[in-house]
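What follows is a single structure, written as C-alpha cells, with notes after it.
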Amino acid sequence: MRNKKEKHKIVAVGGGHGLGRVLSALSDFDGDITGIVTTTDNGGSTGKIRASQGGIAWGDTRNCINQLITKPSIGSMIFEYRFKGNGELDGHNLGNLILTALDSLSLRPLETINLIRNMLKISVYIVPMSEHPADLSAQILDGQIISGETNVDDLIELPARLILEPIVPATKEAVQAIQEAELILLGPGSFLTSVMPPLLLPEINKALKNTAAKIVFVRNLGKELGPAGQMPLNTILSWCEHSIGGRRINIVLGSNNDDSLAGNYKQVAKDLASDHYQWYHDKNKLSLAIKQMLLSD
C-alpha cells in the first residue's frame, strides 16, 4: 500500500461536463492532478470560433475551468458570461473568446490555460490533448467518412471506427503526466466524442499502453443519446482497450455492477449520483470513491 503522506499523481481523460466533474472531485486531493482535455469540438460557440479563427476547440477546456472555480470573482463571472441577443455575438461564451484571444498572444495554447488557471487560482493542471487543431470523424459501415464531432454525435448507427483528421502530436505534458501517474481515469462523458478522441493520438495511446498506473473507467449514470447509447458496456471497454494497444482496464466504477462484465473486470459499485440531478456525479461521492481506489491494493 502506498504511503498516505506521499502526494498522489492522478490523470483524468475526457471532455465536457464529465471531465469537469471528475476534476472538481479531485481538486481537494493532495498531489498533482492533471486533466487531459479533448479539443475536437466543432459545435456551438466553439465551432463558430474555430470556423473563423482556426485553432483548437476551447469549449471543453472552458467547461472544466468553470467547474473548478471555487470562489466567485469578477474574473470568474467574466469567464462564464454568455452573450444574448440578435447579433453575431449571440450564443458566444466570453470565456471561449478570451481563450482564443490569449492563444493568439501566447506561444502555446498551454500557456493560455496556465494564465487563466493562475488568474482564477485553480491548482489542477489542465492540458489539451493536442495543441494543434484536429477534427473527429467516423467511418460508418458502408465505408463513408462522416466528418465533424457534431455529425458523429448525430449518427443513427454506431460507426465502424473513429478517426482524427489530421493525426496531430499529443501535448508533451499530457504524455508525461500519463507516464508519471499512479491512477488514470477515463470518463465519464460522451464516449465517442469526449473520451475517445485523446486515445486516438499515437503518443497518448503508447503512454497508456505502457503505464504502470491503475486505469479506471468511470461509467455514466444514465444511458447516452446518440450512437454511443447503442453500445453495451463490454463493447465500450473493448473500444478503449483496442485504442490503447490492448492494455486492460483495471477497474470499472459505476453506480451498480454490470452482469455482462462478471469475471472479466473488477467492478466497484458506489452511490455516485447527485441528490439534485440523478444523471450528474456528486463531487463528494466521486471523490470518496476515488480515494478508496487509490488506497486499495
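So you can find residues: chains in the C-alpha cells are A, B, ... in the order shown, residues in each start at 1, and ligands are numbered from 1 in order.
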
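Neighbours of Ala212 in chain A closer than or equal to 9 Å, with only C-alpha atoms counted and sequence neighbours fewer than 5 positions away skipped, come out as Gln179, Glu180, Ala181, Glu182 and Leu183 of chain A.
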
From the list A:Thr100, A:Thr34, A:Asn257, A:Ser24, the nearest residue to Gln53 in chain A using only C-alpha atoms is A:Thr100

Identify, on the basis of only C-alpha atoms, every residue whose closest approach to range 38-51 of chain A does not exceed 9 Å; exclude the query and any residue fewer than 4 positions from it along the same chain; express the result as a ChimeraX atom specification. /A:13-16,55-61,89-93,96-97,100,128-136,148-150,164,193-198

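Distances from A:Leu120, A:Leu208, A:Leu107, A:Ile113 to Ile74 in chain A were compared using only C-alpha atoms, and the smallest one belongs to A:Leu120.
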
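Taking CA of Ser123 in chain A and CA of Pro188 in chain A as endpoints, the distance between them is 21.4 Å.
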
Using only C-alpha atoms, which protein or nucleic acid residues come within 12 Å of Ile156 in chain A? Drop anything in the same chain fewer than 6 positions from it, and give the result as an MDAnalysis selection string. chainID A and resid 140:141 146 225:230

The residue from A:Glu224, A:Ile116, A:Asn284, A:Phe217 with the smallest atom-to-atom distance to Gln267 in chain A, counting only C-alpha atoms, is A:Phe217

Just checking: using only C-alpha atoms, which residue out of A:Ser243, A:Thr112, A:Gln278, A:Ser238 ends up closest to Ile163 in chain A? A:Ser243

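Excluding Asn264 in chain A itself and any same-chain residue fewer than 4 positions from it, the protein and nucleic acid residues within 10 Å of it, counting only C-alpha atoms, are Asn234, Asn250 and Ser260 of chain A.
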
Residues as selected, N, CA and C atoms, written as an mmCIF file, in the first residue's frame, can you do that?
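Produced file out09.cif, reproduced below:
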data_model
loop_
_atom_site.group_PDB
_atom_site.id
_atom_site.type_symbol
_atom_site.label_atom_id
_atom_site.label_comp_id
_atom_site.auth_asym_id
_atom_site.auth_seq_id
_atom_site.Cartn_x
_atom_site.Cartn_y
_atom_site.Cartn_z
ATOM 1 N N ASN A 234 -19.445 -3.757 -22.276
ATOM 2 C CA ASN A 234 -18.263 -4.530 -22.659
ATOM 3 C C ASN A 234 -17.718 -4.087 -24.016
ATOM 4 N N ASN A 250 -8.278 -1.720 -15.495
ATOM 5 C CA ASN A 250 -8.176 -2.418 -14.220
ATOM 6 C C ASN A 250 -9.474 -2.431 -13.421
ATOM 7 N N SER A 260 -22.829 -8.342 -17.438
ATOM 8 C CA SER A 260 -22.097 -8.802 -18.619
ATOM 9 C C SER A 260 -20.585 -8.787 -18.409
#

Which parts of range 72-250 of chain A does DSSP call strand (DSSP E) when run on the backbone here, written out as a PDB file with C-alpha atoms, in the first residue's frame?
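Written output follows (out.pdb):
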ATOM      1  CA  TYR A 125      -3.391  21.156 -14.249  1.00  0.00           C
ATOM      2  CA  ILE A 126      -5.465  21.340 -17.426  1.00  0.00           C
ATOM      3  CA  VAL A 127      -3.703  20.129 -20.570  1.00  0.00           C
ATOM      4  CA  PRO A 128      -5.177  19.993 -24.081  1.00  0.00           C
ATOM      5  CA  ASP A 135     -11.335  17.153 -36.158  1.00  0.00           C
ATOM      6  CA  LEU A 136     -13.061  13.942 -35.178  1.00  0.00           C
ATOM      7  CA  SER A 137     -14.505  11.834 -37.989  1.00  0.00           C
ATOM      8  CA  ALA A 138     -16.208   8.464 -38.135  1.00  0.00           C
ATOM      9  CA  GLN A 139     -16.205   5.746 -40.745  1.00  0.00           C
ATOM     10  CA  ILE A 145     -16.441   9.081 -43.703  1.00  0.00           C
ATOM     11  CA  ILE A 146     -18.585  11.409 -41.602  1.00  0.00           C
ATOM     12  CA  SER A 147     -16.585  14.493 -40.569  1.00  0.00           C
ATOM     13  CA  ARG A 161     -14.258   3.310 -36.252  1.00  0.00           C
ATOM     14  CA  LEU A 162     -13.236   6.834 -35.295  1.00  0.00           C
ATOM     15  CA  ILE A 163     -10.542   8.896 -36.977  1.00  0.00           C
ATOM     16  CA  LEU A 164      -8.649  12.070 -36.125  1.00  0.00           C
ATOM     17  CA  GLU A 165      -8.061  14.332 -39.129  1.00  0.00           C
ATOM     18  CA  LEU A 183      -4.152   6.373 -11.277  1.00  0.00           C
ATOM     19  CA  ILE A 184      -5.730   7.211 -14.643  1.00  0.00           C
ATOM     20  CA  LEU A 185      -9.453   7.876 -15.023  1.00  0.00           C
ATOM     21  CA  LEU A 186     -11.283   7.556 -18.350  1.00  0.00           C
ATOM     22  CA  LYS A 214      -4.284   1.650 -12.492  1.00  0.00           C
ATOM     23  CA  ILE A 215      -6.682   2.570 -15.290  1.00  0.00           C
ATOM     24  CA  VAL A 216     -10.256   3.167 -14.129  1.00  0.00           C
ATOM     25  CA  PHE A 217     -13.228   3.574 -16.443  1.00  0.00           C
ATOM     26  CA  VAL A 218     -15.874   5.803 -14.846  1.00  0.00           C
TER      27      VAL A 218
END

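If you look at CA of Lys121 in chain A and CA of Ile69 in chain A, they are 7.8 Å away from each other.
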
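Distances from A:Leu115, A:Val11, A:Leu23, A:Leu99 to Val175 in chain A were compared using only C-alpha atoms, and the smallest one belongs to A:Val11.
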
Pull the helix (DSSP H, G or I) assignments for range 119-250 of chain A out of DSSP run on the backbone, and list those residues as a VMD selection string. chain A and resid 119 to 120 149 to 153 172 to 180 191 to 199 202 to 210 227 to 230 233 to 243
